[in-house]
Amino acid sequence: MHILKNKKFYIETLGCKVNQYESDAMRRILEDAGAVSASIEEADICIVNTCSVTNMADHKSRQMLHHAKKIRPDAVIVAAGCYVQAQGEKLLNDGAVDILIGNDRKSHVAEILSDYLESIADMQTGTPDPINETGKKAHFRSSLTDIAASCEFEALPATLPGSMTRAYLKIQDGCNAFCTYCIIPYVRGRIRNKPLDSILSETAMLADRGIREVVLTGIHISAYDDAEKKRGSSLTLTDTIQKIAEIPGIERIRLSSLEPRVITPSFLDVITGIPKVCPHFHLSLQSANNDTLKRMNRHYTIEEFMNITKLLREAYDRPALTTDVIVGFPGETDAEFEDTYRNLETLNFYEMHVFKYSRRKGTLADKMPDQIPESIKNERSRRLLTMTASHKAAFESSFSGEDHLVLAEEVIHKDGKIYLRGHTERYILVDVPYSTLSPEQTPEEYINQFIRFRRSL
C-alpha cells in the first residue's frame, strides 16, 4: 500500500458515537499505511462517514459529500457507512463520489483506496481502466451482501480518542428490533458482538495510554446476551462489564443507550456490586403512551418502563436517568401526546433528547396514515424541551452542597478566570475554579485527574 504514503486525508463523521469510533479506526488504518491526516482544504482523500437514521441525515450526508467535492475537486471523495448501505445504487451514479465503502468494509479502507489509486495510475499509463469494477461497484456490492447476512463482528484496530480522558469502546454491532420508524437494521445488519478477548485487550491498551473512563457502545448493546446465545455462548453483558472493571487504570465505566428490558433485578444485583459503573443510564423510551409504543413496535408498556426506573432509583442514590423521545409519530393524537406528557412528568428524567418524527423511506412508519403536521410537532417538542430544562436544573441543584468527584477533561477560560471542566459520575458538567486548587500544579497538569469539588448552595 505504498501508494498511500504521504497522501493527505480528511475524515468527516456524521451521526452516532459508533460512527465516530469507526472513523477513528479508519484514521489509524490510513496512518499505519503511511497516509497523513490533514484539513479538508489540503486533503488528497476526503472520507465522509455517513448517517442514514432519518431523511435529514441522508440529506446532510449528500450535502457533505458535495461540499467536499466543491472544496477539493481533484481529491478522491469516499462515501462510507450507513447512507452507502441505504442509498448505494443512487450514489453509484453520483458524480461527486468516487468510492463507496459499506459498514462491513471500513477495516479495508486502505486496501480499497490503494486499489482505486492504482487503477487511476494504470489508466494514466494506458492500461485498461478497471475502476468501475474494483473502485465502486464491486466494493459496494460485496459490502451490501455482507451486511445483510453478517454474523461476524468486523475487526477494527484499537485507537485513542482525541480526548485523553474518555473513550468509546464498541462492543456490539447490528440490530434485530425493527422499530417501525428505523432503518438501522437494514444498514447495520443483524446483531453480533466483538469477541471478549478483543474487548479486553483494547480496554487494556486504552488504560495503558491513560484513559480513565470508557463508554461501552454499539448499535444495540442491550442485545449483547442474545448475540452470545446465538453463538452458543453463555457470556453476558454483565460478565463483560465485570471483566472490564478488573483492568487496572479504568476508573469509570458508562453504558450507552439501553433497552428497558435489560434492567432486571439480577442485572442490578451485579452492576451495583461494580463501583466503577457510573449511576448514569440512558434508557431508550421514544414515547410514554402505550398506543404510540405499539405502533412503533416497541416491546414494552409505559407501566413496565416506569417499574424499571423505580428499580434503578431503589438501587442507586439519585441515578442520572436520561432518554430519547419522539414527538409527532404518525397517528399520535392530542390525547396520546398529553398522556406522554403526564407520564414524562412522573418519570422525571435528568435529560430528555427530544426528536420531531422524521419520515424515513424504507420504514413502515413512512407509509402510515395520519402523518402529523410540522407545526404540531414543533409545539410538542417545545413543551417537552421546557419540561426537560426544568427537570435538569432541579436534578443538578439536588447535589448542591455535596462533594463531587470530577474527571478534569479540559481547561477553559471564562469571565477572566481559569476553570477545569469535567463530568461527575452522573455526567453532570462541572467547571472547577482553578483558584480553588493547589497552585503547585498548572491547570494543564490537572487534566485526566479526579478533582473533589463541592458546588455551592
# chains A, B, ... in the order shown; residues from 1 in each chain; ligands from 1
>>> residues_around(residues="stretch 312-315 of chain A", least_positions_apart="4", cutoff="9 Å", atoms="only C-alpha atoms", output="JSON, numbers by chain")
{"A": [263, 268, 269, 272, 279, 281, 307, 308, 319, 321]}
>>> residues_around(residues="stretch 185-199 of chain A", least_positions_apart="4", cutoff="8 Å", atoms="only C-alpha atoms", output="PDB file with C-alpha atoms, in the first residue's frame")
ATOM      1  CA  CYS A  82     -24.978   3.817   6.643  1.00  0.00           C
ATOM      2  CA  TYR A  83     -26.019   6.088   3.759  1.00  0.00           C
ATOM      3  CA  GLN A  85     -25.941   0.836   2.652  1.00  0.00           C
ATOM      4  CA  ALA A  86     -29.281   2.632   2.290  1.00  0.00           C
ATOM      5  CA  ASN A 103     -20.435  -0.773   7.027  1.00  0.00           C
ATOM      6  CA  ILE A 147     -24.113  -6.525   5.919  1.00  0.00           C
ATOM      7  CA  ALA A 148     -27.405  -8.251   5.185  1.00  0.00           C
ATOM      8  CA  ALA A 149     -26.250 -11.646   6.409  1.00  0.00           C
ATOM      9  CA  SER A 150     -23.252 -10.762   8.527  1.00  0.00           C
ATOM     10  CA  CYS A 151     -22.736 -12.801  11.665  1.00  0.00           C
ATOM     11  CA  GLU A 152     -19.128 -11.760  12.327  1.00  0.00           C
ATOM     12  CA  PHE A 153     -18.026  -8.601  14.097  1.00  0.00           C
ATOM     13  CA  GLU A 154     -15.776  -6.520  11.865  1.00  0.00           C
ATOM     14  CA  ALA A 155     -12.364  -6.240  13.496  1.00  0.00           C
ATOM     15  CA  LEU A 169     -15.467   1.166  23.311  1.00  0.00           C
ATOM     16  CA  LYS A 170     -17.539  -0.538  20.627  1.00  0.00           C
ATOM     17  CA  ILE A 171     -18.586  -3.983  21.864  1.00  0.00           C
ATOM     18  CA  GLN A 172     -21.507  -4.773  19.553  1.00  0.00           C
ATOM     19  CA  ASP A 173     -22.980  -4.045  16.121  1.00  0.00           C
ATOM     20  CA  GLY A 174     -26.295  -4.597  14.347  1.00  0.00           C
ATOM     21  CA  CYS A 175     -29.921  -4.648  15.448  1.00  0.00           C
ATOM     22  CA  ASN A 176     -32.821  -7.115  15.199  1.00  0.00           C
ATOM     23  CA  ALA A 177     -35.516  -4.877  16.703  1.00  0.00           C
ATOM     24  CA  PHE A 178     -37.117  -3.459  13.521  1.00  0.00           C
ATOM     25  CA  THR A 203      -9.520  -1.723  27.080  1.00  0.00           C
ATOM     26  CA  HIS A 220     -27.924  -2.173  20.285  1.00  0.00           C
ATOM     27  CA  ALA A 223     -28.931  -7.395  22.565  1.00  0.00           C
ATOM     28  CA  TYR A 224     -25.453  -8.439  23.727  1.00  0.00           C
ATOM     29  CA  ALA A 227     -25.946 -12.388  20.232  1.00  0.00           C
ATOM     30  CA  GLU A 228     -23.889 -14.573  22.572  1.00  0.00           C
ATOM     31  CA  THR A 240     -18.167  -8.430  30.182  1.00  0.00           C
TER      32      THR A 240
END
>>> residues_around(residues="A:Leu200", least_positions_apart="6", cutoff="9 Å", atoms="only C-alpha atoms", output="ChimeraX atom specification")
/A:240,243-244,247
>>> write_last_selection(atoms="N, CA, C and O atoms", output="compact mmCIF listing (two decimals), in the first residue's frame")
# COMPACT_ATOMS: atom_id res chain seq x y z
N THR A 240 -19.12 -9.28 30.89
CA THR A 240 -18.17 -8.43 30.18
C THR A 240 -17.85 -7.18 30.98
O THR A 240 -16.68 -6.76 31.07
N LYS A 243 -15.43 -8.00 33.79
CA LYS A 243 -14.05 -8.23 33.34
C LYS A 243 -13.37 -6.91 32.95
O LYS A 243 -12.17 -6.71 33.19
N ILE A 244 -14.12 -6.01 32.36
CA ILE A 244 -13.56 -4.69 32.03
C ILE A 244 -13.18 -3.96 33.32
O ILE A 244 -12.13 -3.31 33.40
N ILE A 247 -9.68 -4.35 34.90
CA ILE A 247 -8.48 -3.84 34.23
C ILE A 247 -7.95 -2.61 34.98
O ILE A 247 -8.67 -1.61 35.12
>>> closest_residue(among="A:Ala25, A:Cys51, A:Val430, A:Ala35", to="A:His2", atoms="only C-alpha atoms")
A:Ala35
>>> residues_around(residues="A:Asn19", least_positions_apart="6", cutoff="9 Å", atoms="only C-alpha atoms", output="MDAnalysis selection string")
chainID A and resid 13 49:51 81
>>> write_last_selection(atoms="all heavy atoms", output="PDB file, in the first residue's frame")
ATOM      1  N   THR A  13     -17.221  12.960  10.112  1.00  0.00           N
ATOM      2  CA  THR A  13     -18.094  11.957  10.716  1.00  0.00           C
ATOM      3  C   THR A  13     -19.466  12.542  10.998  1.00  0.00           C
ATOM      4  O   THR A  13     -19.583  13.573  11.664  1.00  0.00           O
ATOM      5  CB  THR A  13     -17.491  11.433  12.036  1.00  0.00           C
ATOM      6  OG1 THR A  13     -16.166  10.962  11.784  1.00  0.00           O
ATOM      7  CG2 THR A  13     -18.329  10.300  12.598  1.00  0.00           C
ATOM      8  N   ASN A  49     -17.977   9.701   6.572  1.00  0.00           N
ATOM      9  CA  ASN A  49     -18.587   8.548   7.240  1.00  0.00           C
ATOM     10  C   ASN A  49     -20.036   8.923   7.528  1.00  0.00           C
ATOM     11  O   ASN A  49     -20.324   9.658   8.468  1.00  0.00           O
ATOM     12  CB  ASN A  49     -17.821   8.210   8.524  1.00  0.00           C
ATOM     13  CG  ASN A  49     -18.140   6.820   9.033  1.00  0.00           C
ATOM     14  OD1 ASN A  49     -18.847   6.050   8.390  1.00  0.00           O
ATOM     15  ND2 ASN A  49     -17.612   6.486  10.188  1.00  0.00           N
ATOM     16  N   THR A  50     -20.937   8.437   6.716  1.00  0.00           N
ATOM     17  CA  THR A  50     -22.292   8.965   6.624  1.00  0.00           C
ATOM     18  C   THR A  50     -23.253   8.369   7.639  1.00  0.00           C
ATOM     19  O   THR A  50     -22.996   7.338   8.255  1.00  0.00           O
ATOM     20  CB  THR A  50     -22.862   8.714   5.218  1.00  0.00           C
ATOM     21  OG1 THR A  50     -22.928   7.285   5.009  1.00  0.00           O
ATOM     22  CG2 THR A  50     -21.994   9.354   4.151  1.00  0.00           C
ATOM     23  N   CYS A  51     -24.401   9.039   7.761  1.00  0.00           N
ATOM     24  CA  CYS A  51     -25.502   8.595   8.617  1.00  0.00           C
ATOM     25  C   CYS A  51     -26.761   8.508   7.763  1.00  0.00           C
ATOM     26  O   CYS A  51     -26.914   9.242   6.782  1.00  0.00           O
ATOM     27  CB  CYS A  51     -25.701   9.589   9.763  1.00  0.00           C
ATOM     28  SG  CYS A  51     -27.087   9.198  10.867  1.00  0.00           S
ATOM     29  N   GLY A  81     -20.257   4.043   5.164  1.00  0.00           N
ATOM     30  CA  GLY A  81     -21.225   3.916   6.240  1.00  0.00           C
ATOM     31  C   GLY A  81     -22.670   3.713   5.843  1.00  0.00           C
ATOM     32  O   GLY A  81     -22.992   3.167   4.786  1.00  0.00           O
TER      33      GLY A  81
END
>>> atom_distance(atom1="atom CA of A:Val84", atom2="atom CA of A:Ala158")
23.9 Å
>>> closest_residue(among="A:Thr238, A:Ser37, A:Gln449, A:Ser23", to="A:Thr159", atoms="only C-alpha atoms")
A:Ser23
>>> residues_around(residues="A:Thr363", least_positions_apart="4", cutoff="7 Å", atoms="only C-alpha atoms", output="ChimeraX atom specification")
/A:180-183
>>> write_last_selection(atoms="N, CA, C and O atoms", output="CSV table (one decimal), in the first residue's frame")
chain,number,residue,atom,x,y,z
A,180,THR,N,-40.6,0.5,13.8
A,180,THR,CA,-41.3,0.9,12.5
A,180,THR,C,-40.7,2.2,12.0
A,180,THR,O,-41.0,2.5,10.8
A,181,TYR,N,-40.0,3.0,12.8
A,181,TYR,CA,-39.5,4.3,12.3
A,181,TYR,C,-38.0,4.2,11.9
A,181,TYR,O,-37.5,5.2,11.4
A,182,CYS,N,-37.4,3.0,12.0
A,182,CYS,CA,-36.0,2.9,12.0
A,182,CYS,C,-35.5,2.1,10.8
A,182,CYS,O,-36.0,0.9,10.6
A,183,ILE,N,-34.4,2.5,10.2
A,183,ILE,CA,-33.8,1.8,9.0
A,183,ILE,C,-32.5,1.1,9.5
A,183,ILE,O,-31.9,0.4,8.7
>>> decode(residues="stretch 24-120 of chain A", atoms="C-alpha atoms", output="PDB file, in the first residue's frame")
ATOM      1  CA  ASP A  24     -11.068   6.869  14.479  1.00  0.00           C
ATOM      2  CA  ALA A  25     -10.263   3.288  13.421  1.00  0.00           C
ATOM      3  CA  MET A  26     -10.144   4.236   9.726  1.00  0.00           C
ATOM      4  CA  ARG A  27      -7.846   7.107  10.621  1.00  0.00           C
ATOM      5  CA  ARG A  28      -5.434   4.738  12.312  1.00  0.00           C
ATOM      6  CA  ILE A  29      -5.560   2.271   9.400  1.00  0.00           C
ATOM      7  CA  LEU A  30      -4.678   5.004   6.934  1.00  0.00           C
ATOM      8  CA  GLU A  31      -1.920   6.400   9.127  1.00  0.00           C
ATOM      9  CA  ASP A  32      -0.460   2.902   9.503  1.00  0.00           C
ATOM     10  CA  ALA A  33      -0.428   2.735   5.684  1.00  0.00           C
ATOM     11  CA  GLY A  34       1.622   5.930   5.538  1.00  0.00           C
ATOM     12  CA  ALA A  35      -1.129   8.488   4.887  1.00  0.00           C
ATOM     13  CA  VAL A  36      -1.290  11.744   6.845  1.00  0.00           C
ATOM     14  CA  SER A  37      -4.337  13.324   8.474  1.00  0.00           C
ATOM     15  CA  ALA A  38      -4.996  16.848   7.217  1.00  0.00           C
ATOM     16  CA  SER A  39      -7.653  19.518   6.893  1.00  0.00           C
ATOM     17  CA  ILE A  40     -10.297  19.210   4.197  1.00  0.00           C
ATOM     18  CA  GLU A  41      -8.680  22.110   2.326  1.00  0.00           C
ATOM     19  CA  GLU A  42      -5.407  20.157   1.977  1.00  0.00           C
ATOM     20  CA  ALA A  43      -6.733  16.613   1.553  1.00  0.00           C
ATOM     21  CA  ASP A  44      -5.986  14.298  -1.361  1.00  0.00           C
ATOM     22  CA  ILE A  45      -8.657  11.941   0.002  1.00  0.00           C
ATOM     23  CA  CYS A  46     -11.911  13.093   1.634  1.00  0.00           C
ATOM     24  CA  ILE A  47     -13.915  10.443   3.507  1.00  0.00           C
ATOM     25  CA  VAL A  48     -17.449  11.147   4.709  1.00  0.00           C
ATOM     26  CA  ASN A  49     -18.587   8.548   7.240  1.00  0.00           C
ATOM     27  CA  THR A  50     -22.292   8.965   6.624  1.00  0.00           C
ATOM     28  CA  CYS A  51     -25.502   8.595   8.617  1.00  0.00           C
ATOM     29  CA  SER A  52     -28.902   7.457   7.386  1.00  0.00           C
ATOM     30  CA  VAL A  53     -31.065   7.375  10.504  1.00  0.00           C
ATOM     31  CA  THR A  54     -33.518   9.926   9.039  1.00  0.00           C
ATOM     32  CA  ASN A  55     -34.201  11.542   5.673  1.00  0.00           C
ATOM     33  CA  MET A  56     -32.496  14.649   7.055  1.00  0.00           C
ATOM     34  CA  ALA A  57     -29.407  12.564   7.835  1.00  0.00           C
ATOM     35  CA  ASP A  58     -29.415  11.362   4.215  1.00  0.00           C
ATOM     36  CA  HIS A  59     -29.632  14.973   3.073  1.00  0.00           C
ATOM     37  CA  LYS A  60     -26.722  16.018   5.317  1.00  0.00           C
ATOM     38  CA  SER A  61     -24.643  13.095   4.045  1.00  0.00           C
ATOM     39  CA  ARG A  62     -25.230  14.078   0.393  1.00  0.00           C
ATOM     40  CA  GLN A  63     -24.591  17.703   1.246  1.00  0.00           C
ATOM     41  CA  MET A  64     -21.268  16.923   2.914  1.00  0.00           C
ATOM     42  CA  LEU A  65     -20.114  14.748   0.015  1.00  0.00           C
ATOM     43  CA  HIS A  66     -20.864  17.532  -2.473  1.00  0.00           C
ATOM     44  CA  HIS A  67     -19.285  20.112  -0.156  1.00  0.00           C
ATOM     45  CA  ALA A  68     -16.074  18.054  -0.076  1.00  0.00           C
ATOM     46  CA  LYS A  69     -16.066  17.804  -3.871  1.00  0.00           C
ATOM     47  CA  LYS A  70     -16.580  21.553  -4.186  1.00  0.00           C
ATOM     48  CA  ILE A  71     -13.699  22.358  -1.842  1.00  0.00           C
ATOM     49  CA  ARG A  72     -11.362  19.681  -3.237  1.00  0.00           C
ATOM     50  CA  PRO A  73     -12.471  18.933  -6.813  1.00  0.00           C
ATOM     51  CA  ASP A  74      -9.318  16.903  -7.534  1.00  0.00           C
ATOM     52  CA  ALA A  75      -9.468  14.821  -4.340  1.00  0.00           C
ATOM     53  CA  VAL A  76     -10.777  11.253  -4.121  1.00  0.00           C
ATOM     54  CA  ILE A  77     -14.211  11.502  -2.485  1.00  0.00           C
ATOM     55  CA  VAL A  78     -15.225   8.479  -0.405  1.00  0.00           C
ATOM     56  CA  ALA A  79     -18.717   7.792   0.930  1.00  0.00           C
ATOM     57  CA  ALA A  80     -18.676   5.301   3.813  1.00  0.00           C
ATOM     58  CA  GLY A  81     -21.225   3.916   6.240  1.00  0.00           C
ATOM     59  CA  CYS A  82     -24.978   3.817   6.643  1.00  0.00           C
ATOM     60  CA  TYR A  83     -26.019   6.088   3.759  1.00  0.00           C
ATOM     61  CA  VAL A  84     -23.993   3.872   1.434  1.00  0.00           C
ATOM     62  CA  GLN A  85     -25.941   0.836   2.652  1.00  0.00           C
ATOM     63  CA  ALA A  86     -29.281   2.632   2.290  1.00  0.00           C
ATOM     64  CA  GLN A  87     -28.768   4.509  -0.982  1.00  0.00           C
ATOM     65  CA  GLY A  88     -25.787   2.856  -2.638  1.00  0.00           C
ATOM     66  CA  GLU A  89     -27.302   2.481  -6.087  1.00  0.00           C
ATOM     67  CA  LYS A  90     -28.065   6.205  -6.123  1.00  0.00           C
ATOM     68  CA  LEU A  91     -24.514   7.016  -5.048  1.00  0.00           C
ATOM     69  CA  LEU A  92     -23.090   4.874  -7.840  1.00  0.00           C
ATOM     70  CA  ASN A  93     -24.464   7.477 -10.231  1.00  0.00           C
ATOM     71  CA  ASP A  94     -23.396  10.500  -8.163  1.00  0.00           C
ATOM     72  CA  GLY A  95     -20.584  12.280  -9.958  1.00  0.00           C
ATOM     73  CA  ALA A  96     -19.279  13.768  -6.699  1.00  0.00           C
ATOM     74  CA  VAL A  97     -18.445  10.345  -5.240  1.00  0.00           C
ATOM     75  CA  ASP A  98     -15.546   8.173  -6.342  1.00  0.00           C
ATOM     76  CA  ILE A  99     -15.618   5.253  -3.887  1.00  0.00           C
ATOM     77  CA  LEU A 100     -18.290   3.589  -1.759  1.00  0.00           C
ATOM     78  CA  ILE A 101     -17.454   1.686   1.424  1.00  0.00           C
ATOM     79  CA  GLY A 102     -20.177  -0.171   3.306  1.00  0.00           C
ATOM     80  CA  ASN A 103     -20.435  -0.773   7.027  1.00  0.00           C
ATOM     81  CA  ASP A 104     -18.630  -4.109   6.974  1.00  0.00           C
ATOM     82  CA  ARG A 105     -15.767  -2.855   4.796  1.00  0.00           C
ATOM     83  CA  LYS A 106     -14.353   0.023   6.824  1.00  0.00           C
ATOM     84  CA  SER A 107     -11.475  -2.141   8.021  1.00  0.00           C
ATOM     85  CA  HIS A 108     -10.468  -2.450   4.323  1.00  0.00           C
ATOM     86  CA  VAL A 109     -10.306   1.308   3.717  1.00  0.00           C
ATOM     87  CA  ALA A 110      -6.555   1.332   2.939  1.00  0.00           C
ATOM     88  CA  GLU A 111      -6.855  -1.635   0.574  1.00  0.00           C
ATOM     89  CA  ILE A 112      -9.836  -0.105  -1.236  1.00  0.00           C
ATOM     90  CA  LEU A 113      -8.125   3.265  -1.629  1.00  0.00           C
ATOM     91  CA  SER A 114      -4.914   1.613  -2.828  1.00  0.00           C
ATOM     92  CA  ASP A 115      -6.837  -0.359  -5.464  1.00  0.00           C
ATOM     93  CA  TYR A 116      -8.544   2.798  -6.644  1.00  0.00           C
ATOM     94  CA  LEU A 117      -5.375   4.907  -6.788  1.00  0.00           C
ATOM     95  CA  GLU A 118      -3.509   2.149  -8.603  1.00  0.00           C
ATOM     96  CA  SER A 119      -6.392   1.965 -11.095  1.00  0.00           C
ATOM     97  CA  ILE A 120      -6.045   5.682 -11.713  1.00  0.00           C
TER      98      ILE A 120
END
